[in-house]
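Listing of work.cif; format and content: mmCIF, C-alpha atoms.
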```cif
data_upload
#
loop_
_atom_site.label_atom_id
_atom_site.label_comp_id
_atom_site.auth_asym_id
_atom_site.auth_seq_id
_atom_site.Cartn_x
_atom_site.Cartn_y
_atom_site.Cartn_z
CA MET A 248 27.58 -30.67 -8.03
CA LYS A 249 28.49 -29.89 -4.40
CA ASN A 250 28.45 -26.16 -5.16
CA ALA A 251 24.93 -26.45 -6.62
CA ILE A 252 23.73 -28.21 -3.46
CA LYS A 253 25.33 -25.55 -1.27
CA LYS A 254 23.67 -22.79 -3.29
CA PHE A 255 20.31 -24.58 -3.05
CA PHE A 256 20.56 -24.79 0.75
CA ALA A 257 21.76 -21.19 1.01
CA VAL A 258 18.77 -19.96 -0.99
CA GLY A 259 16.45 -22.18 1.06
CA ILE A 260 17.77 -20.81 4.33
CA ALA A 261 17.51 -17.22 3.09
CA ALA A 262 13.91 -17.81 1.99
CA ALA A 263 13.07 -19.39 5.34
CA LEU A 264 14.48 -16.39 7.19
CA ALA A 265 12.57 -13.83 5.11
CA GLY A 266 9.12 -12.79 6.28
CA CYS A 267 6.25 -11.32 4.35
CA LEU A 268 2.96 -10.02 5.69
CA SER A 269 -0.03 -8.86 3.68
CA LYS A 270 -3.08 -7.48 5.42
CA PRO A 271 -6.15 -5.58 4.29
CA VAL A 272 -6.17 -2.32 6.20
CA GLY A 273 -9.76 -1.38 5.51
CA MET A 274 -12.70 -0.55 3.34
CA LEU A 275 -14.09 2.96 3.33
CA ALA A 276 -17.24 4.42 1.84
CA SER A 277 -15.19 7.43 0.69
CA THR A 278 -11.99 9.35 1.36
CA ASP A 279 -13.99 12.53 2.11
CA PRO A 280 -17.46 12.83 3.61
CA VAL A 281 -19.87 12.73 0.64
CA GLU A 282 -23.60 12.17 0.57
CA GLN A 283 -25.10 9.57 -1.74
CA GLY A 284 -26.21 11.27 -4.97
CA ARG A 285 -24.20 14.44 -4.28
CA TYR A 286 -21.30 13.47 -6.50
CA THR A 287 -20.53 12.62 -10.11
CA ILE A 288 -18.46 9.54 -10.94
CA LEU A 289 -15.54 10.61 -13.14
CA GLY A 290 -14.34 7.27 -14.40
CA SER A 291 -13.42 3.72 -13.62
CA GLU A 292 -11.48 2.51 -10.63
CA VAL A 293 -8.03 4.01 -10.02
CA SER A 294 -5.27 2.97 -7.65
CA GLY A 295 -2.20 4.50 -6.14
CA THR A 296 0.73 3.08 -4.20
CA ASP A 297 3.37 4.26 -1.79
CA THR A 298 6.46 2.35 -0.69
CA GLN A 299 8.57 3.08 2.37
CA PHE A 300 11.72 1.47 3.70
CA MET A 301 11.98 0.53 7.36
CA LEU A 302 15.02 0.20 9.57
CA ILE A 303 14.55 -1.05 13.14
CA GLY A 304 10.82 -0.24 13.02
CA MET A 305 11.17 3.31 11.67
CA THR A 306 10.15 4.30 8.15
CA PHE A 307 12.39 6.37 5.92
CA GLY A 308 11.62 8.41 2.86
CA ALA A 309 8.80 10.92 2.59
CA SER A 310 7.28 11.90 5.90
CA GLY A 311 3.68 11.18 6.83
CA SER A 312 1.27 8.40 6.11
CA GLY A 313 1.90 5.99 3.27
CA THR A 314 -1.87 5.54 2.97
CA ARG A 315 -2.36 9.29 2.50
CA ARG A 316 0.32 9.45 -0.22
CA ALA A 317 -1.18 6.40 -1.96
CA THR A 318 -4.60 8.13 -1.91
CA GLU A 319 -3.09 11.28 -3.40
CA SER A 320 -1.40 9.16 -6.08
CA ALA A 321 -4.73 7.55 -6.99
CA LEU A 322 -6.49 10.94 -7.18
CA GLU A 323 -3.78 12.26 -9.53
CA GLN A 324 -4.86 9.61 -12.07
CA ALA A 325 -8.32 11.22 -12.33
CA PRO A 326 -7.95 14.94 -13.07
CA GLY A 327 -10.67 17.00 -11.36
CA ALA A 328 -11.53 14.34 -8.79
CA ASP A 329 -12.25 15.53 -5.24
CA ALA A 330 -12.50 12.14 -3.54
CA LEU A 331 -12.64 8.38 -3.98
CA VAL A 332 -15.68 6.22 -3.19
CA ARG A 333 -15.80 2.45 -2.63
CA VAL A 334 -12.24 2.60 -1.32
CA SER A 335 -10.08 -0.36 -0.35
CA ILE A 336 -6.69 -0.12 1.34
CA ASP A 337 -4.12 -2.91 1.43
CA CYS A 338 -0.63 -2.89 2.91
CA GLU A 339 2.11 -5.43 2.30
CA GLU A 340 5.13 -5.66 4.54
CA PHE A 341 8.33 -7.56 3.81
CA TYR A 342 10.94 -8.02 6.50
CA PHE A 343 14.40 -9.56 6.41
CA PRO A 344 15.51 -11.57 8.21
CA PHE A 345 12.56 -13.60 9.49
CA ASN A 346 9.64 -11.39 10.59
CA PHE A 347 8.55 -8.02 11.91
CA ILE A 348 9.37 -8.92 15.54
CA VAL A 349 13.09 -9.42 15.01
CA ALA A 350 13.69 -7.83 11.61
CA PRO A 351 15.97 -4.82 11.37
CA ILE A 352 15.13 -4.16 7.68
CA GLY A 353 11.75 -3.97 5.98
CA ILE A 354 9.69 -2.57 3.13
CA VAL A 355 6.07 -1.41 3.53
CA LYS A 356 3.90 -0.90 0.44
CA CYS A 357 0.40 0.62 0.72
CA ARG A 358 -2.13 0.46 -2.12
CA VAL A 359 -5.36 2.47 -2.25
CA THR A 360 -8.04 1.61 -4.82
CA GLY A 361 -11.32 3.45 -5.41
CA THR A 362 -13.70 5.14 -7.85
CA PRO A 363 -12.92 8.85 -8.46
CA VAL A 364 -15.75 11.36 -7.97
CA LYS A 365 -16.39 15.10 -8.26
CA ILE A 366 -18.46 16.45 -5.37
CA ASN A 367 -21.49 18.47 -6.56
CA GLN A 368 -21.85 21.93 -5.03
CA ASN A 369 -25.70 22.10 -5.00
#
```
Let me see whether you can do it: turn the structure in this file into structure tokens.
Amino acid sequence: MKNAIKKFFAVGIAAALAGCLSKPVGMLASTDPVEQGRYTILGSEVSGTDTQFMLIGMTFGASGSGTRRATESALEQAPGADALVRVSIDCEEFYFPFNFIVAPIGIVKCRVTGTPVKINQN
């Protein structure tokens, strides 16, 4: 019984020291400049994600923007698409221990969601 209580407190302390942050990064009309009526909608909403690991405030893994790679991932789901319209971008950050101010280790996940379009050339 004492071991179960110790495990409960250990898990509670670990959970209290972990920090998680979720923030909407933005809403965009489109990922590329497109005029209303100058594109063809190719399908329903698609989404793409990118995850990076952080150590002492620096990201590791593929270089460049996680938002850009998430956008590319979403566009890959709609063959022939040139851009996304009605775009939303969300990023979630998880840091351990505690929060982003004192955390040496973290994970950042970006998600881009939008409607794929083909830009008309006329």
Point-to-point distance in Å for atom CA of Lys356 of chain A and atom CA of Phe341 of chain A: 8.7 Å
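Residue nearest Gly361 of chain A, chosen from A:Ala330, A:Ser312, A:Val293, A:Phe300 and counting only C-alpha atoms: A:Val293.
Put simply, atom CA of Glu339 of chain A is 11.5 Å away from atom CA of Gly313 of chain A.
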Distance in Å - atom CA of Gly284 of chain A versus atom CA of Ala328 of chain A: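 Separating atom CA of Gly284 of chain A from atom CA of Ala328 of chain A is a distance of 15.5 Å.
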Residues matched by the PyMOL selection byres ((chain A and resi 297) around 10), written as an NGL selection string: :A and (295-296 or 298-299 or 309 or 312-320 or 338 or 355-359)
For the residues selected in the previous step, produce a file with C-alpha atoms as an mmCIF file, keeping the file's coordinate frame.
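Okay, this is what ended up in selection03.cif:
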```
data_model
loop_
_atom_site.group_PDB
_atom_site.id
_atom_site.type_symbol
_atom_site.label_atom_id
_atom_site.label_comp_id
_atom_site.auth_asym_id
_atom_site.auth_seq_id
_atom_site.Cartn_x
_atom_site.Cartn_y
_atom_site.Cartn_z
ATOM 1 C CA GLY A 295 -2.200 4.500 -6.140
ATOM 2 C CA THR A 296 0.730 3.080 -4.200
ATOM 3 C CA THR A 298 6.460 2.350 -0.690
ATOM 4 C CA GLN A 299 8.570 3.080 2.370
ATOM 5 C CA ALA A 309 8.800 10.920 2.590
ATOM 6 C CA SER A 312 1.270 8.400 6.110
ATOM 7 C CA GLY A 313 1.900 5.990 3.270
ATOM 8 C CA THR A 314 -1.870 5.540 2.970
ATOM 9 C CA ARG A 315 -2.360 9.290 2.500
ATOM 10 C CA ARG A 316 0.320 9.450 -0.220
ATOM 11 C CA ALA A 317 -1.180 6.400 -1.960
ATOM 12 C CA THR A 318 -4.600 8.130 -1.910
ATOM 13 C CA GLU A 319 -3.090 11.280 -3.400
ATOM 14 C CA SER A 320 -1.400 9.160 -6.080
ATOM 15 C CA CYS A 338 -0.630 -2.890 2.910
ATOM 16 C CA VAL A 355 6.070 -1.410 3.530
ATOM 17 C CA LYS A 356 3.900 -0.900 0.440
ATOM 18 C CA CYS A 357 0.400 0.620 0.720
ATOM 19 C CA ARG A 358 -2.130 0.460 -2.120
ATOM 20 C CA VAL A 359 -5.360 2.470 -2.250
#
```
Selection as a VMD selection string: residues within 9 Å of (-19.8, 14.3, -9.4), counting all atoms listed in the file: chain A and resid 284 to 289 328 to 329 363 to 367
The PyMOL selection byres ((chain A and resi 352) around 6) applied to the shown file, residues as a PyMOL selection string: chain A and resi 301-302+342-343+350-351+353
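Among the candidate residues A:Glu340, A:Thr360, A:Lys253, A:Gly290, the one lying nearest to Pro326 of chain A is A:Gly290, with distances computed using only C-alpha atoms.
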